[in-house]
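Reproduced below: final16.txt, with compact mmCIF, N, CA and C atoms.
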```
# COMPACT_ATOMS: atom_id res chain seq x y z
N MET C 420 0.82 -1.20 0.00
CA MET C 420 0.00 0.00 0.00
C MET C 420 0.85 1.25 0.00
N ALA C 421 1.99 1.20 0.69
CA ALA C 421 2.86 2.37 0.75
C ALA C 421 3.46 2.67 -0.62
N GLY C 422 3.69 1.64 -1.42
CA GLY C 422 4.21 1.84 -2.76
C GLY C 422 3.25 2.62 -3.64
N TYR C 423 1.97 2.41 -3.43
CA TYR C 423 0.96 3.12 -4.20
C TYR C 423 1.00 4.61 -3.85
N ARG C 424 1.15 4.94 -2.59
CA ARG C 424 1.22 6.33 -2.17
C ARG C 424 2.47 6.99 -2.75
N ARG C 425 3.57 6.28 -2.71
CA ARG C 425 4.82 6.82 -3.25
C ARG C 425 4.70 7.08 -4.75
N ASP C 426 4.02 6.20 -5.46
CA ASP C 426 3.79 6.43 -6.89
C ASP C 426 2.97 7.70 -7.13
N ARG C 427 1.97 7.90 -6.31
CA ARG C 427 1.15 9.11 -6.43
C ARG C 427 1.97 10.36 -6.13
N VAL C 428 2.82 10.28 -5.10
CA VAL C 428 3.68 11.41 -4.75
C VAL C 428 4.66 11.69 -5.89
N ASN C 429 5.23 10.64 -6.47
CA ASN C 429 6.14 10.82 -7.61
C ASN C 429 5.45 11.51 -8.78
N ASP C 430 4.25 11.06 -9.10
CA ASP C 430 3.50 11.66 -10.21
C ASP C 430 3.17 13.12 -9.93
N GLN C 431 2.70 13.39 -8.72
CA GLN C 431 2.34 14.77 -8.37
C GLN C 431 3.58 15.67 -8.34
N MET C 432 4.69 15.15 -7.84
CA MET C 432 5.92 15.94 -7.78
C MET C 432 6.41 16.26 -9.19
N THR C 433 6.33 15.31 -10.11
CA THR C 433 6.71 15.55 -11.50
C THR C 433 5.86 16.67 -12.09
N LYS C 434 4.58 16.61 -11.85
CA LYS C 434 3.66 17.63 -12.37
C LYS C 434 3.96 19.00 -11.77
N GLU C 435 4.12 19.06 -10.47
CA GLU C 435 4.35 20.35 -9.80
C GLU C 435 5.69 20.97 -10.21
N ILE C 436 6.74 20.17 -10.25
CA ILE C 436 8.05 20.72 -10.62
C ILE C 436 8.05 21.16 -12.07
N SER C 437 7.31 20.48 -12.93
CA SER C 437 7.19 20.92 -14.32
C SER C 437 6.62 22.34 -14.40
N GLU C 438 5.67 22.63 -13.54
CA GLU C 438 5.08 23.97 -13.51
C GLU C 438 6.01 24.96 -12.83
N ILE C 439 6.68 24.54 -11.79
CA ILE C 439 7.54 25.44 -11.01
C ILE C 439 8.74 25.91 -11.83
N ILE C 440 9.34 25.03 -12.63
CA ILE C 440 10.54 25.44 -13.36
C ILE C 440 10.25 26.54 -14.38
N ARG C 441 9.00 26.73 -14.73
CA ARG C 441 8.64 27.83 -15.64
C ARG C 441 8.80 29.19 -14.95
N THR C 442 8.82 29.19 -13.62
CA THR C 442 8.95 30.44 -12.87
C THR C 442 10.37 30.71 -12.39
N VAL C 443 11.30 29.79 -12.65
CA VAL C 443 12.69 29.97 -12.23
C VAL C 443 13.30 31.09 -13.07
N LYS C 444 13.97 32.03 -12.39
CA LYS C 444 14.52 33.19 -13.09
C LYS C 444 15.95 33.00 -13.57
N ASP C 445 16.59 31.92 -13.19
CA ASP C 445 17.97 31.66 -13.63
C ASP C 445 17.97 31.51 -15.15
N PRO C 446 18.77 32.30 -15.86
CA PRO C 446 18.76 32.24 -17.34
C PRO C 446 19.20 30.89 -17.89
N ARG C 447 19.97 30.12 -17.14
CA ARG C 447 20.37 28.79 -17.61
C ARG C 447 19.16 27.88 -17.73
N VAL C 448 18.14 28.14 -16.91
CA VAL C 448 16.93 27.32 -16.92
C VAL C 448 15.84 27.98 -17.75
N SER C 449 15.64 29.28 -17.57
CA SER C 449 14.52 29.96 -18.22
C SER C 449 14.69 30.08 -19.74
N GLU C 450 15.93 30.10 -20.22
CA GLU C 450 16.16 30.23 -21.66
C GLU C 450 16.22 28.89 -22.37
N ALA C 451 16.23 27.80 -21.65
CA ALA C 451 16.28 26.47 -22.25
C ALA C 451 14.90 25.83 -22.19
N PHE C 452 14.67 24.89 -23.09
CA PHE C 452 13.42 24.13 -23.06
C PHE C 452 13.66 22.89 -22.20
N VAL C 453 13.25 22.98 -20.94
CA VAL C 453 13.48 21.91 -19.97
C VAL C 453 12.18 21.16 -19.75
N SER C 454 12.27 19.85 -19.74
CA SER C 454 11.11 19.01 -19.50
C SER C 454 11.43 18.04 -18.36
N ILE C 455 10.54 17.98 -17.38
CA ILE C 455 10.70 17.05 -16.27
C ILE C 455 10.08 15.72 -16.72
N THR C 456 10.89 14.68 -16.78
CA THR C 456 10.40 13.40 -17.29
C THR C 456 9.90 12.48 -16.19
N ALA C 457 10.49 12.55 -15.00
CA ALA C 457 10.08 11.67 -13.90
C ALA C 457 10.67 12.17 -12.60
N SER C 458 10.15 11.62 -11.52
CA SER C 458 10.74 11.86 -10.21
C SER C 458 10.71 10.56 -9.44
N ASN C 459 11.67 10.41 -8.55
CA ASN C 459 11.77 9.19 -7.76
C ASN C 459 12.07 9.56 -6.32
N VAL C 460 11.07 9.44 -5.47
CA VAL C 460 11.20 9.78 -4.06
C VAL C 460 11.61 8.52 -3.30
N THR C 461 12.54 8.68 -2.35
CA THR C 461 12.95 7.54 -1.54
C THR C 461 11.80 7.13 -0.62
N PRO C 462 11.81 5.89 -0.12
CA PRO C 462 10.71 5.42 0.74
C PRO C 462 10.48 6.26 2.00
N ASP C 463 11.53 6.92 2.51
CA ASP C 463 11.35 7.75 3.70
C ASP C 463 11.01 9.20 3.35
N TYR C 464 10.87 9.51 2.07
CA TYR C 464 10.48 10.84 1.57
C TYR C 464 11.47 11.94 1.94
N LYS C 465 12.73 11.58 2.18
CA LYS C 465 13.73 12.60 2.52
C LYS C 465 14.47 13.10 1.29
N PHE C 466 14.57 12.29 0.26
CA PHE C 466 15.31 12.66 -0.94
C PHE C 466 14.49 12.33 -2.17
N ALA C 467 14.72 13.11 -3.23
CA ALA C 467 14.03 12.85 -4.49
C ALA C 467 14.98 13.13 -5.64
N LYS C 468 15.03 12.20 -6.59
CA LYS C 468 15.75 12.42 -7.82
C LYS C 468 14.75 12.90 -8.85
N ILE C 469 15.07 14.03 -9.46
CA ILE C 469 14.20 14.60 -10.48
C ILE C 469 14.92 14.45 -11.82
N TYR C 470 14.29 13.74 -12.73
CA TYR C 470 14.89 13.48 -14.03
C TYR C 470 14.37 14.52 -15.03
N PHE C 471 15.30 15.14 -15.76
CA PHE C 471 14.92 16.17 -16.72
C PHE C 471 15.60 15.93 -18.05
N SER C 472 14.99 16.45 -19.10
CA SER C 472 15.61 16.41 -20.42
C SER C 472 15.60 17.83 -20.99
N VAL C 473 16.51 18.06 -21.92
CA VAL C 473 16.66 19.37 -22.52
C VAL C 473 16.79 19.18 -24.02
N ILE C 474 16.17 20.07 -24.78
CA ILE C 474 16.39 20.04 -26.22
C ILE C 474 17.73 20.69 -26.46
N GLY C 475 18.61 19.98 -27.09
CA GLY C 475 19.98 20.45 -27.29
C GLY C 475 20.86 19.92 -26.18
N LYS C 476 21.49 18.79 -26.42
CA LYS C 476 22.28 18.12 -25.39
C LYS C 476 23.48 18.95 -24.94
N ASP C 477 23.96 19.86 -25.80
CA ASP C 477 25.16 20.61 -25.50
C ASP C 477 25.02 21.52 -24.27
N ASN C 478 23.82 21.96 -23.94
CA ASN C 478 23.66 22.83 -22.78
C ASN C 478 23.05 22.12 -21.57
N ALA C 479 23.02 20.81 -21.59
CA ALA C 479 22.43 20.05 -20.48
C ALA C 479 23.20 20.25 -19.18
N ALA C 480 24.51 20.35 -19.25
CA ALA C 480 25.32 20.54 -18.04
C ALA C 480 25.03 21.90 -17.40
N GLU C 481 24.87 22.93 -18.24
CA GLU C 481 24.56 24.26 -17.71
C GLU C 481 23.16 24.30 -17.10
N VAL C 482 22.22 23.64 -17.74
CA VAL C 482 20.85 23.58 -17.21
C VAL C 482 20.86 22.86 -15.87
N LYS C 483 21.63 21.79 -15.76
CA LYS C 483 21.72 21.06 -14.49
C LYS C 483 22.27 21.96 -13.39
N LYS C 484 23.30 22.74 -13.71
CA LYS C 484 23.84 23.68 -12.73
C LYS C 484 22.80 24.70 -12.32
N GLY C 485 22.02 25.19 -13.28
CA GLY C 485 20.96 26.14 -12.98
C GLY C 485 19.88 25.54 -12.11
N LEU C 486 19.51 24.30 -12.38
CA LEU C 486 18.49 23.63 -11.57
C LEU C 486 19.00 23.38 -10.15
N GLN C 487 20.26 22.96 -10.03
CA GLN C 487 20.83 22.75 -8.69
C GLN C 487 20.89 24.06 -7.93
N SER C 488 21.20 25.15 -8.65
CA SER C 488 21.24 26.46 -8.02
C SER C 488 19.86 26.88 -7.53
N ALA C 489 18.83 26.53 -8.27
CA ALA C 489 17.46 26.91 -7.92
C ALA C 489 16.75 25.85 -7.08
N ALA C 490 17.46 24.83 -6.64
CA ALA C 490 16.84 23.71 -5.91
C ALA C 490 16.13 24.18 -4.64
N GLY C 491 16.70 25.13 -3.94
CA GLY C 491 16.06 25.64 -2.72
C GLY C 491 14.72 26.30 -3.02
N TYR C 492 14.69 27.13 -4.06
CA TYR C 492 13.44 27.78 -4.47
C TYR C 492 12.41 26.74 -4.90
N ILE C 493 12.85 25.77 -5.71
CA ILE C 493 11.93 24.74 -6.20
C ILE C 493 11.40 23.92 -5.03
N ARG C 494 12.25 23.59 -4.09
CA ARG C 494 11.84 22.80 -2.92
C ARG C 494 10.81 23.58 -2.09
N LYS C 495 11.02 24.87 -1.92
CA LYS C 495 10.08 25.71 -1.17
C LYS C 495 8.72 25.74 -1.87
N GLN C 496 8.73 25.87 -3.18
CA GLN C 496 7.48 25.88 -3.94
C GLN C 496 6.77 24.53 -3.85
N VAL C 497 7.53 23.44 -3.88
CA VAL C 497 6.94 22.10 -3.75
C VAL C 497 6.30 21.97 -2.37
N ALA C 498 6.97 22.49 -1.33
CA ALA C 498 6.42 22.42 0.03
C ALA C 498 5.10 23.18 0.13
N GLU C 499 5.01 24.31 -0.56
CA GLU C 499 3.76 25.09 -0.52
C GLU C 499 2.64 24.43 -1.29
N ARG C 500 2.97 23.73 -2.36
CA ARG C 500 1.94 23.15 -3.23
C ARG C 500 1.51 21.75 -2.83
N MET C 501 2.40 20.98 -2.21
CA MET C 501 2.08 19.59 -1.86
C MET C 501 1.96 19.45 -0.35
N ASN C 502 1.07 18.60 0.06
CA ASN C 502 0.83 18.39 1.48
C ASN C 502 1.66 17.19 1.95
N LEU C 503 2.93 17.45 2.24
CA LEU C 503 3.83 16.40 2.73
C LEU C 503 4.35 16.81 4.09
N ARG C 504 4.56 15.83 4.96
CA ARG C 504 5.15 16.13 6.27
C ARG C 504 6.54 16.70 6.13
N GLN C 505 7.29 16.10 5.22
CA GLN C 505 8.67 16.51 5.01
C GLN C 505 8.90 16.67 3.52
N THR C 506 9.39 17.82 3.11
CA THR C 506 9.67 18.03 1.70
C THR C 506 11.05 17.46 1.39
N PRO C 507 11.15 16.60 0.39
CA PRO C 507 12.44 15.95 0.10
C PRO C 507 13.46 16.92 -0.47
N GLU C 508 14.73 16.60 -0.22
CA GLU C 508 15.82 17.33 -0.86
C GLU C 508 15.88 16.87 -2.31
N LEU C 509 16.06 17.83 -3.22
CA LEU C 509 15.99 17.53 -4.64
C LEU C 509 17.37 17.39 -5.26
N THR C 510 17.52 16.35 -6.06
CA THR C 510 18.72 16.13 -6.86
C THR C 510 18.27 16.00 -8.30
N PHE C 511 18.90 16.74 -9.19
CA PHE C 511 18.51 16.73 -10.59
C PHE C 511 19.45 15.83 -11.39
N VAL C 512 18.86 14.98 -12.23
CA VAL C 512 19.60 14.00 -13.02
C VAL C 512 19.18 14.16 -14.48
N TYR C 513 20.16 14.30 -15.37
CA TYR C 513 19.87 14.43 -16.79
C TYR C 513 19.38 13.10 -17.35
N ASP C 514 18.26 13.13 -18.04
CA ASP C 514 17.64 11.93 -18.61
C ASP C 514 17.86 11.94 -20.12
N ASP C 515 18.71 11.06 -20.60
CA ASP C 515 19.00 11.02 -22.03
C ASP C 515 18.19 9.95 -22.76
N SER C 516 17.13 9.47 -22.18
CA SER C 516 16.35 8.39 -22.79
C SER C 516 15.68 8.83 -24.09
N LEU C 517 15.31 10.11 -24.21
CA LEU C 517 14.70 10.59 -25.46
C LEU C 517 15.70 10.53 -26.61
N GLU C 518 16.94 10.95 -26.34
CA GLU C 518 17.96 10.90 -27.37
C GLU C 518 18.33 9.46 -27.70
N TYR C 519 18.35 8.60 -26.69
CA TYR C 519 18.63 7.18 -26.90
C TYR C 519 17.54 6.57 -27.79
N GLY C 520 16.30 6.89 -27.50
CA GLY C 520 15.19 6.39 -28.31
C GLY C 520 15.25 6.90 -29.74
N ALA C 521 15.66 8.16 -29.91
CA ALA C 521 15.79 8.71 -31.26
C ALA C 521 16.90 8.00 -32.03
N GLY C 522 17.97 7.64 -31.34
CA GLY C 522 19.05 6.89 -31.98
C GLY C 522 18.60 5.51 -32.43
N ILE C 523 17.82 4.84 -31.60
CA ILE C 523 17.27 3.52 -31.95
C ILE C 523 16.35 3.65 -33.17
N GLU C 524 15.53 4.71 -33.15
CA GLU C 524 14.61 4.94 -34.27
C GLU C 524 15.38 5.15 -35.57
N LYS C 525 16.51 5.86 -35.52
CA LYS C 525 17.33 6.06 -36.71
C LYS C 525 17.88 4.73 -37.22
N LEU C 526 18.30 3.87 -36.30
CA LEU C 526 18.81 2.56 -36.71
C LEU C 526 17.72 1.73 -37.39
N PHE C 527 16.51 1.75 -36.83
CA PHE C 527 15.41 1.01 -37.45
C PHE C 527 15.10 1.57 -38.85
N LYS C 528 15.13 2.88 -38.96
CA LYS C 528 14.87 3.52 -40.25
C LYS C 528 15.94 3.13 -41.27
N LYS C 529 17.20 3.08 -40.83
CA LYS C 529 18.30 2.71 -41.71
C LYS C 529 18.14 1.26 -42.19
N ILE C 530 17.78 0.37 -41.27
CA ILE C 530 17.57 -1.04 -41.64
C ILE C 530 16.41 -1.16 -42.62
N GLU C 531 15.34 -0.43 -42.37
CA GLU C 531 14.18 -0.47 -43.26
C GLU C 531 14.53 0.05 -44.65
N ASP C 532 15.32 1.12 -44.72
CA ASP C 532 15.73 1.67 -46.02
C ASP C 532 16.61 0.68 -46.78
N GLU C 533 17.49 -0.01 -46.06
CA GLU C 533 18.36 -1.00 -46.70
C GLU C 533 17.54 -2.17 -47.25
N ARG C 534 16.51 -2.59 -46.53
CA ARG C 534 15.65 -3.68 -47.01
C ARG C 534 14.87 -3.25 -48.25
N ASP C 535 14.37 -2.02 -48.24
CA ASP C 535 13.61 -1.53 -49.39
C ASP C 535 14.49 -1.36 -50.62
N GLY C 536 15.78 -1.07 -50.40
CA GLY C 536 16.71 -0.86 -51.52
C GLY C 536 17.12 -2.17 -52.19
N GLN C 537 16.96 -3.30 -51.55
CA GLN C 537 17.40 -4.57 -52.12
C GLN C 537 16.37 -5.21 -52.97
```
Is it possible to give me this structure as structure tokens?
Amino acid sequence: MAGYRRDRVNDQMTKEISEIIRTVKDPRVSEAFVSITASNVTPDYKFAKIYFSVIGKDNAAEVKKGLQSAAGYIRKQVAERMNLRQTPELTFVYDDSLEYGAGIEKLFKKIEDERDGQ
């Protein structure tokens, strides 16, 4: 039963942080197209990993620095919006799964083109 609650907290945290990062004033974050893909809260709700992706992999490191810099502000906003006893400390992790998926898609397309050419 506790796993179900944690899943709901993860989903809600993903949604709230997606909205909150639109209000971050750090230019490293506000000028980039940042998308929150998932969140993973520990069972004791003390820590949370927030997974994000950015269009343009070259500035992902700068966006991560901006998010870490704004972590206190984001955490405060999460505390105001969500009804949790303890607001978790946030750690931001770059999620490259979209780019990985695009690479796989290119390989499939290449194989399909080779089959059609024969």
Mind listing the strand (DSSP E) residues of chain C, per DSSP on the backbone, as a VMD selection string?
-> chain C and resid 453 to 460 466 to 473 508 to 513
What would the file look like if the residues just selected were written as an mmCIF file, in the frame of the given file with N, CA and C atoms?
```cif
data_model
loop_
_atom_site.group_PDB
_atom_site.id
_atom_site.type_symbol
_atom_site.label_atom_id
_atom_site.label_comp_id
_atom_site.auth_asym_id
_atom_site.auth_seq_id
_atom_site.Cartn_x
_atom_site.Cartn_y
_atom_site.Cartn_z
ATOM 1 N N VAL C 453 13.250 22.980 -20.940
ATOM 2 C CA VAL C 453 13.480 21.910 -19.970
ATOM 3 C C VAL C 453 12.180 21.160 -19.750
ATOM 4 N N SER C 454 12.270 19.850 -19.740
ATOM 5 C CA SER C 454 11.110 19.010 -19.500
ATOM 6 C C SER C 454 11.430 18.040 -18.360
ATOM 7 N N ILE C 455 10.540 17.980 -17.380
ATOM 8 C CA ILE C 455 10.700 17.050 -16.270
ATOM 9 C C ILE C 455 10.080 15.720 -16.720
ATOM 10 N N THR C 456 10.890 14.680 -16.780
ATOM 11 C CA THR C 456 10.400 13.400 -17.290
ATOM 12 C C THR C 456 9.900 12.480 -16.190
ATOM 13 N N ALA C 457 10.490 12.550 -15.000
ATOM 14 C CA ALA C 457 10.080 11.670 -13.900
ATOM 15 C C ALA C 457 10.670 12.170 -12.600
ATOM 16 N N SER C 458 10.150 11.620 -11.520
ATOM 17 C CA SER C 458 10.740 11.860 -10.210
ATOM 18 C C SER C 458 10.710 10.560 -9.440
ATOM 19 N N ASN C 459 11.670 10.410 -8.550
ATOM 20 C CA ASN C 459 11.770 9.190 -7.760
ATOM 21 C C ASN C 459 12.070 9.560 -6.320
ATOM 22 N N VAL C 460 11.070 9.440 -5.470
ATOM 23 C CA VAL C 460 11.200 9.780 -4.060
ATOM 24 C C VAL C 460 11.610 8.520 -3.300
ATOM 25 N N PHE C 466 14.570 12.290 0.260
ATOM 26 C CA PHE C 466 15.310 12.660 -0.940
ATOM 27 C C PHE C 466 14.490 12.330 -2.170
ATOM 28 N N ALA C 467 14.720 13.110 -3.230
ATOM 29 C CA ALA C 467 14.030 12.850 -4.490
ATOM 30 C C ALA C 467 14.980 13.130 -5.640
ATOM 31 N N LYS C 468 15.030 12.200 -6.590
ATOM 32 C CA LYS C 468 15.750 12.420 -7.820
ATOM 33 C C LYS C 468 14.750 12.900 -8.850
ATOM 34 N N ILE C 469 15.070 14.030 -9.460
ATOM 35 C CA ILE C 469 14.200 14.600 -10.480
ATOM 36 C C ILE C 469 14.920 14.450 -11.820
ATOM 37 N N TYR C 470 14.290 13.740 -12.730
ATOM 38 C CA TYR C 470 14.890 13.480 -14.030
ATOM 39 C C TYR C 470 14.370 14.520 -15.030
ATOM 40 N N PHE C 471 15.300 15.140 -15.760
ATOM 41 C CA PHE C 471 14.920 16.170 -16.720
ATOM 42 C C PHE C 471 15.600 15.930 -18.050
ATOM 43 N N SER C 472 14.990 16.450 -19.100
ATOM 44 C CA SER C 472 15.610 16.410 -20.420
ATOM 45 C C SER C 472 15.600 17.830 -20.990
ATOM 46 N N VAL C 473 16.510 18.060 -21.920
ATOM 47 C CA VAL C 473 16.660 19.370 -22.520
ATOM 48 C C VAL C 473 16.790 19.180 -24.020
ATOM 49 N N GLU C 508 14.730 16.600 -0.220
ATOM 50 C CA GLU C 508 15.820 17.330 -0.860
ATOM 51 C C GLU C 508 15.880 16.870 -2.310
ATOM 52 N N LEU C 509 16.060 17.830 -3.220
ATOM 53 C CA LEU C 509 15.990 17.530 -4.640
ATOM 54 C C LEU C 509 17.370 17.390 -5.260
ATOM 55 N N THR C 510 17.520 16.350 -6.060
ATOM 56 C CA THR C 510 18.720 16.130 -6.860
ATOM 57 C C THR C 510 18.270 16.000 -8.300
ATOM 58 N N PHE C 511 18.900 16.740 -9.190
ATOM 59 C CA PHE C 511 18.510 16.730 -10.590
ATOM 60 C C PHE C 511 19.450 15.830 -11.390
ATOM 61 N N VAL C 512 18.860 14.980 -12.230
ATOM 62 C CA VAL C 512 19.600 14.000 -13.020
ATOM 63 C C VAL C 512 19.180 14.160 -14.480
ATOM 64 N N TYR C 513 20.160 14.300 -15.370
ATOM 65 C CA TYR C 513 19.870 14.430 -16.790
ATOM 66 C C TYR C 513 19.380 13.100 -17.350
#
```
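Contact shell of region 466-481 of chain C at 9 Å (only C-alpha atoms; same-chain neighbours under 6 positions omitted): Asn429, Met432, Thr433, Ile436, Arg447, Val448, Ala451, Phe452, Val453, Ser454, Ile455, Thr456, Ala457, Ser458, Asn459, Val460, Thr506, Pro507, Glu508, Leu509, Thr510, Phe511, Val512, Tyr513, Asp514, Asp515, Ser516, Leu517 and Glu518 of chain C.
The gap separating atom C of Lys495 (chain C) from CA of Gly422 (chain C) is 24.3 Å, in Å to one decimal.
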Atom pair atom N of Thr442 (chain C) / atom N of Tyr519 (chain C): separation (Å) | 26.2 Å
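Proximity ranking of C:Asp445, C:Asp532, C:Gln431, C:Arg425 relative to Leu486 (chain C) places C:Asp445 first, based on all atoms listed in the file.
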Could you give me the residues within chain C that DSSP places in alpha helix (DSSP H), as a ChimeraX atom specification?
-> /C:421-439,446-449,479-488,490-500,516-536
Which of C:Lys529, C:Arg494, C:Arg424, C:Lys465 sits closest to Ile440 (chain C) [using only C-alpha atoms] | C:Arg494
CA of Pro446 (chain C) and CA of Lys434 (chain C), how far apart in Å?
-> 21.6 Å
For Val497 (chain C), which residue out of C:Glu435, C:Glu533, C:Glu524, C:Asp463 is the nearest one, using all atoms listed in the file?
->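 When distances to Val497 (chain C) are compared using all atoms listed in the file, the smallest one comes from C:Glu435.
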Return the padded bounding box of region 445-462 of chain C as JSON: axis-aligned, built from all atoms listed in the file, 5 Å added on each side, with centre and edge lengths in Å to one decimal.
```
{"center_x": 15.1, "center_y": 18.9, "center_z": -10.5, "size_x": 20.5, "size_y": 36.9, "size_z": 35.1}
```
